[in-house]
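**Student:** This is the content of work.csv (CSV, N, CA and C atoms):
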```
chain,number,residue,atom,x,y,z
A,133,MET,N,78.6,134.2,92.5
A,133,MET,CA,79.2,133.6,93.6
A,133,MET,C,78.1,133.3,94.7
A,134,ASN,N,78.1,132.0,95.1
A,134,ASN,CA,77.0,131.6,96.1
A,134,ASN,C,77.6,131.3,97.4
A,135,ILE,N,78.0,132.3,98.2
A,135,ILE,CA,78.7,132.1,99.4
A,135,ILE,C,77.8,131.5,100.5
A,136,SER,N,76.5,131.7,100.4
A,136,SER,CA,75.6,131.1,101.4
A,136,SER,C,75.5,129.6,101.3
A,137,TYR,N,75.7,129.1,100.1
A,137,TYR,CA,75.8,127.7,99.9
A,137,TYR,C,77.0,127.1,100.6
A,138,PHE,N,78.1,127.8,100.5
A,138,PHE,CA,79.3,127.3,101.2
A,138,PHE,C,79.1,127.3,102.7
A,139,LYS,N,78.5,128.4,103.2
A,139,LYS,CA,78.3,128.5,104.7
A,139,LYS,C,77.3,127.4,105.2
A,140,ARG,N,76.4,127.0,104.3
A,140,ARG,CA,75.4,125.9,104.8
A,140,ARG,C,76.0,124.5,104.7
A,141,SER,N,76.9,124.3,103.7
A,141,SER,CA,77.2,122.9,103.5
A,141,SER,C,78.7,122.5,103.5
A,142,TRP,N,79.6,123.3,104.0
A,142,TRP,CA,81.0,123.0,104.0
A,142,TRP,C,81.3,121.8,104.9
A,143,ILE,N,80.6,121.7,106.0
A,143,ILE,CA,80.8,120.6,107.0
A,143,ILE,C,80.4,119.3,106.3
A,144,ARG,N,79.3,119.3,105.6
A,144,ARG,CA,78.8,118.1,104.9
A,144,ARG,C,79.8,117.6,103.9
A,145,TYR,N,80.3,118.6,103.1
A,145,TYR,CA,81.3,118.2,102.0
A,145,TYR,C,82.6,117.7,102.7
A,146,TYR,N,83.0,118.3,103.8
A,146,TYR,CA,84.3,117.8,104.4
A,146,TYR,C,84.1,116.4,104.9
A,147,LYS,N,83.0,116.2,105.6
A,147,LYS,CA,82.7,114.8,106.1
A,147,LYS,C,82.6,113.8,105.0
A,148,ARG,N,81.9,114.1,103.9
A,148,ARG,CA,81.8,113.2,102.8
A,148,ARG,C,83.2,112.9,102.2
A,149,GLY,N,84.0,113.9,102.0
A,149,GLY,CA,85.4,113.6,101.5
A,149,GLY,C,86.2,112.8,102.5
A,150,PHE,N,86.1,113.1,103.8
A,150,PHE,CA,86.9,112.4,104.8
A,150,PHE,C,86.5,111.0,104.8
A,151,PHE,N,85.2,110.7,105.0
A,151,PHE,CA,84.8,109.3,105.1
A,151,PHE,C,85.0,108.5,103.8
A,152,THR,N,84.8,109.1,102.7
A,152,THR,CA,85.1,108.4,101.4
A,152,THR,C,86.6,108.1,101.3
A,153,GLY,N,87.5,109.0,101.7
A,153,GLY,CA,88.9,108.7,101.7
A,153,GLY,C,89.2,107.6,102.7
A,154,LEU,N,88.6,107.6,103.9
A,154,LEU,CA,88.8,106.6,104.9
A,154,LEU,C,88.4,105.2,104.4
A,155,LEU,N,87.2,105.2,103.8
A,155,LEU,CA,86.7,103.9,103.3
A,155,LEU,C,87.6,103.3,102.2
A,156,ILE,N,87.9,104.2,101.2
A,156,ILE,CA,88.7,103.7,100.1
A,156,ILE,C,90.1,103.2,100.5
A,157,MET,N,90.8,104.0,101.4
A,157,MET,CA,92.1,103.6,101.8
A,157,MET,C,92.1,102.4,102.7
A,158,SER,N,91.1,102.3,103.5
A,158,SER,CA,90.9,101.1,104.3
A,158,SER,C,90.7,99.8,103.5
A,159,PHE,N,89.9,100.0,102.4
A,159,PHE,CA,89.7,98.9,101.5
A,159,PHE,C,91.0,98.5,100.8
A,160,ILE,N,91.8,99.5,100.4
A,160,ILE,CA,93.0,99.2,99.7
A,160,ILE,C,94.0,98.5,100.7
A,161,LEU,N,94.0,98.9,102.0
A,161,LEU,CA,94.8,98.2,103.0
A,161,LEU,C,94.4,96.8,103.2
A,162,VAL,N,93.1,96.5,103.2
A,162,VAL,CA,92.7,95.1,103.4
A,162,VAL,C,93.1,94.3,102.2
A,163,ILE,N,92.9,94.8,101.0
A,163,ILE,CA,93.4,94.1,99.8
A,163,ILE,C,94.9,93.8,99.8
A,164,ASP,N,95.6,94.9,100.2
A,164,ASP,CA,97.1,94.8,100.2
A,164,ASP,C,97.6,93.7,101.2
A,165,GLN,N,96.9,93.5,102.3
A,165,GLN,CA,97.3,92.5,103.2
A,165,GLN,C,97.2,91.1,102.7
A,166,PHE,N,96.3,90.9,101.8
A,166,PHE,CA,96.2,89.5,101.2
A,166,PHE,C,97.1,89.2,100.0
A,167,LEU,N,97.7,90.3,99.5
A,167,LEU,CA,98.6,90.1,98.3
A,167,LEU,C,100.0,89.7,98.9
A,168,SER,N,100.7,88.9,98.0
A,168,SER,CA,102.1,88.5,98.5
A,168,SER,C,103.1,89.7,98.4
A,169,ASN,N,102.9,90.6,97.4
A,169,ASN,CA,103.7,91.8,97.3
A,169,ASN,C,102.7,93.0,97.3
A,170,PRO,N,102.6,93.6,98.5
A,170,PRO,CA,101.6,94.7,98.6
A,170,PRO,C,102.0,95.9,97.6
A,171,LEU,N,101.0,96.6,97.1
A,171,LEU,CA,101.2,97.7,96.2
A,171,LEU,C,101.3,99.0,96.9
A,172,PHE,N,100.5,99.3,97.9
A,172,PHE,CA,100.4,100.6,98.5
A,172,PHE,C,100.9,100.7,100.0
A,173,PHE,N,100.6,99.7,100.8
A,173,PHE,CA,100.9,99.6,102.2
A,173,PHE,C,101.8,98.5,102.5
A,174,ASN,N,102.6,98.6,103.5
A,174,ASN,CA,103.5,97.4,103.9
A,174,ASN,C,102.6,96.4,104.6
A,175,LYS,N,103.1,95.2,104.7
A,175,LYS,CA,102.5,94.1,105.4
A,175,LYS,C,102.5,94.5,106.9
A,176,ILE,N,101.5,94.3,107.6
A,176,ILE,CA,101.5,94.6,109.1
A,176,ILE,C,102.2,93.5,109.8
A,177,THR,N,103.4,93.8,110.3
A,177,THR,CA,104.2,92.8,111.0
A,177,THR,C,104.4,93.1,112.4
A,178,SER,N,104.2,94.4,112.8
A,178,SER,CA,104.5,94.9,114.1
A,178,SER,C,103.5,96.0,114.4
A,179,ILE,N,103.5,96.4,115.7
A,179,ILE,CA,102.6,97.5,116.1
A,179,ILE,C,103.1,98.8,115.5
A,180,ASP,N,104.4,99.0,115.3
A,180,ASP,CA,104.9,100.2,114.7
A,180,ASP,C,104.5,100.4,113.3
A,181,VAL,N,104.5,99.3,112.5
A,181,VAL,CA,104.0,99.4,111.1
A,181,VAL,C,102.5,99.7,111.1
A,182,PHE,N,101.8,99.0,112.0
A,182,PHE,CA,100.4,99.2,112.1
A,182,PHE,C,100.0,100.7,112.4
A,183,LEU,N,100.7,101.3,113.4
A,183,LEU,CA,100.4,102.7,113.7
A,183,LEU,C,100.8,103.6,112.6
A,184,PHE,N,101.9,103.3,111.9
A,184,PHE,CA,102.3,104.2,110.7
A,184,PHE,C,101.2,104.1,109.7
A,185,ILE,N,100.7,102.9,109.4
A,185,ILE,CA,99.7,102.8,108.4
A,185,ILE,C,98.4,103.5,108.8
A,186,LEU,N,98.0,103.4,110.1
A,186,LEU,CA,96.8,104.1,110.6
A,186,LEU,C,97.0,105.6,110.4
A,187,SER,N,98.2,106.1,110.8
A,187,SER,CA,98.4,107.6,110.6
A,187,SER,C,98.4,108.0,109.2
A,188,THR,N,98.9,107.2,108.3
A,188,THR,CA,98.9,107.5,106.9
A,188,THR,C,97.4,107.5,106.3
A,189,ILE,N,96.6,106.6,106.8
A,189,ILE,CA,95.2,106.5,106.3
A,189,ILE,C,94.5,107.7,106.9
A,190,PHE,N,94.7,108.1,108.1
A,190,PHE,CA,94.1,109.2,108.7
A,190,PHE,C,94.4,110.5,108.0
A,191,PHE,N,95.7,110.8,107.8
A,191,PHE,CA,96.1,112.0,107.2
A,191,PHE,C,95.7,112.1,105.7
A,192,GLY,N,95.7,110.9,105.0
A,192,GLY,CA,95.1,110.8,103.7
A,192,GLY,C,93.7,111.2,103.6
A,193,SER,N,92.9,110.8,104.7
A,193,SER,CA,91.5,111.1,104.7
A,193,SER,C,91.3,112.6,105.0
A,194,VAL,N,92.1,113.2,105.8
A,194,VAL,CA,92.0,114.6,106.1
A,194,VAL,C,92.3,115.4,104.7
A,195,PHE,N,93.3,114.9,104.0
A,195,PHE,CA,93.6,115.5,102.7
A,195,PHE,C,92.4,115.4,101.7
A,196,CYS,N,91.7,114.2,101.7
A,196,CYS,CA,90.5,114.1,100.9
A,196,CYS,C,89.4,115.0,101.3
A,197,GLY,N,89.3,115.2,102.6
A,197,GLY,CA,88.3,116.2,103.1
A,197,GLY,C,88.6,117.6,102.6
A,198,ILE,N,89.9,118.0,102.7
A,198,ILE,CA,90.3,119.3,102.3
A,198,ILE,C,90.1,119.5,100.7
A,199,LEU,N,90.4,118.4,100.0
A,199,LEU,CA,90.2,118.4,98.6
A,199,LEU,C,88.8,118.6,98.2
A,200,SER,N,87.9,118.0,99.0
A,200,SER,CA,86.4,118.1,98.7
A,200,SER,C,86.0,119.6,99.0
A,201,LEU,N,86.6,120.2,99.9
A,201,LEU,CA,86.3,121.6,100.2
A,201,LEU,C,86.8,122.5,99.0
A,202,PHE,N,87.9,122.1,98.4
A,202,PHE,CA,88.4,122.9,97.3
A,202,PHE,C,87.4,122.7,96.1
A,203,PHE,N,86.9,121.5,95.9
A,203,PHE,CA,85.9,121.4,94.8
A,203,PHE,C,84.6,122.1,95.2
A,204,LEU,N,84.2,122.2,96.4
A,204,LEU,CA,83.1,123.0,96.8
A,204,LEU,C,83.3,124.5,96.5
A,205,MET,N,84.5,125.0,96.7
A,205,MET,CA,84.8,126.4,96.4
A,205,MET,C,84.7,126.6,94.9
A,206,VAL,N,85.1,125.6,94.1
A,206,VAL,CA,85.0,125.8,92.7
A,206,VAL,C,83.5,125.9,92.3
A,207,VAL,N,82.7,125.0,92.9
A,207,VAL,CA,81.2,125.1,92.6
A,207,VAL,C,80.6,126.4,93.1
A,208,VAL,N,81.0,126.9,94.2
A,208,VAL,CA,80.5,128.1,94.8
A,208,VAL,C,80.9,129.3,93.9
A,209,LEU,N,82.1,129.3,93.4
A,209,LEU,CA,82.5,130.4,92.5
A,209,LEU,C,81.9,130.3,91.1
A,210,ALA,N,81.5,129.1,90.7
A,210,ALA,CA,80.9,128.9,89.3
A,210,ALA,C,79.4,129.1,89.3
A,211,THR,N,78.7,129.1,90.4
A,211,THR,CA,77.3,129.3,90.5
A,211,THR,C,76.9,130.7,90.9
A,212,LYS,N,75.7,131.1,90.5
A,212,LYS,CA,75.2,132.4,90.9
A,212,LYS,C,74.2,132.2,92.1
A,213,GLU,N,74.1,133.2,92.9
A,213,GLU,CA,73.2,133.1,94.0
A,213,GLU,C,71.8,133.5,93.6
A,214,ASN,N,70.9,132.6,94.0
A,214,ASN,CA,69.4,132.9,93.6
A,214,ASN,C,68.8,133.7,94.8
A,215,ASN,N,68.2,134.8,94.4
A,215,ASN,CA,67.5,135.6,95.5
A,215,ASN,C,66.0,135.3,95.6
```
Would you mind writing the structure in this file as structure tokens?

**Tutor:**
Amino acid sequence: MNISYFKRSWIRYYKRGFFTGLLIMSFILVIDQFLSNPLFFNKITSIDVFLFILSTIFFGSVFCGILSLFFLMVVVLATKENN
């Protein structure tokens, strides 16, 4: 178990997961707005729909960051610490 690796790099892994989720979901939102029948998000027709979509993207990005921390824990548990 390599706990020192987790202590050094958990913030980097969380940021990477968060920004990757934010980028991908924002890209999907842009593509959905051009489609006649959106697949994932509603068409932005009012400020209420826009704020709901923004909060969905934000919380999805937080989930992606937490998911990347889970994968970091798997890596930490699978590796040995080098002395």

**Student:** Rounded to one decimal in Å, what is the spacing between CA of Leu155 (chain A) and CA of Val194 (chain A)?

**Tutor:**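 A separation of 12.3 Å between them.
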
**Student:** Write out as a PyMOL selection string each polymer residue whose atoms come within 8 Å of Tyr137 (chain A), counting all atoms listed in the file; drop sequence neighbours fewer than 6 positions from it.

**Tutor:** chain A and resi 204+208+213

**Student:** Considering all atoms listed in the file, return as a compact mmCIF listing (two decimals) with N, CA and C atoms, in the frame of the given file whatever protein or nucleic-acid residues lie within 7 Å of Phe151 (chain A), sequence-local ones (same chain, fewer than 4 positions apart) excluded.

**Tutor:**
```txt
# COMPACT_ATOMS: atom_id res chain seq x y z
N TYR A 146 83.00 118.30 103.80
CA TYR A 146 84.30 117.80 104.40
C TYR A 146 84.10 116.40 104.90
N LYS A 147 83.00 116.20 105.60
CA LYS A 147 82.70 114.80 106.10
C LYS A 147 82.60 113.80 105.00
N LEU A 155 87.20 105.20 103.80
CA LEU A 155 86.70 103.90 103.30
C LEU A 155 87.60 103.30 102.20
N ILE A 156 87.90 104.20 101.20
CA ILE A 156 88.70 103.70 100.10
C ILE A 156 90.10 103.20 100.50
N SER A 193 92.90 110.80 104.70
CA SER A 193 91.50 111.10 104.70
C SER A 193 91.30 112.60 105.00
N GLY A 197 89.30 115.20 102.60
CA GLY A 197 88.30 116.20 103.10
C GLY A 197 88.60 117.60 102.60
```

**Student:** Give me every alpha helix (DSSP H) residue in region 159-194 of chain A, going by DSSP on the backbone, as a list of chain:residue names.

**Tutor:** A:Phe159, A:Ile160, A:Leu161, A:Val162, A:Ile163, A:Asp164, A:Gln165, A:Phe166, A:Ile179, A:Asp180, A:Val181, A:Phe182, A:Leu183, A:Phe184, A:Ile185, A:Leu186, A:Ser187, A:Thr188, A:Ile189, A:Phe190, A:Phe191, A:Gly192, A:Ser193, A:Val194

**Student:** Pick out the closest residue to Ile189 (chain A) from this set: A:Ile135, A:Lys212, A:Phe172, A:Tyr145. Count only C-alpha atoms.

**Tutor:** A:Phe172

**Student:** Do you have the atom C of Val207 (chain A)-CA of Gly153 (chain A) distance handy?

**Tutor:**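 According to the coordinates, atom C of Val207 (chain A) and CA of Gly153 (chain A) are separated by 21.4 Å.
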
**Student:** Measure the distance from CA of Phe191 (chain A) to CA of Ser168 (chain A) in Å and round it to one decimal.

**Tutor:**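 That distance, rounded to one decimal, is 25.8 Å.
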
**Student:** Report as JSON the centre and the edge lengths, in Å to one decimal, of the axis-aligned box holding every listed atom of region 150-160 of chain A, padded by 8 Å on each side.

**Tutor:**
```
{"center_x": 89.4, "center_y": 105.8, "center_z": 102.4, "size_x": 25.2, "size_y": 30.6, "size_z": 21.4}
```

**Student:** Using all atoms listed in the file, which residue out of A:Val162, A:Met157, A:Ile179, A:Leu201 lies closest to Trp142 (chain A)?

**Tutor:**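 Distance minimum relative to Trp142 (chain A) lands on A:Leu201.
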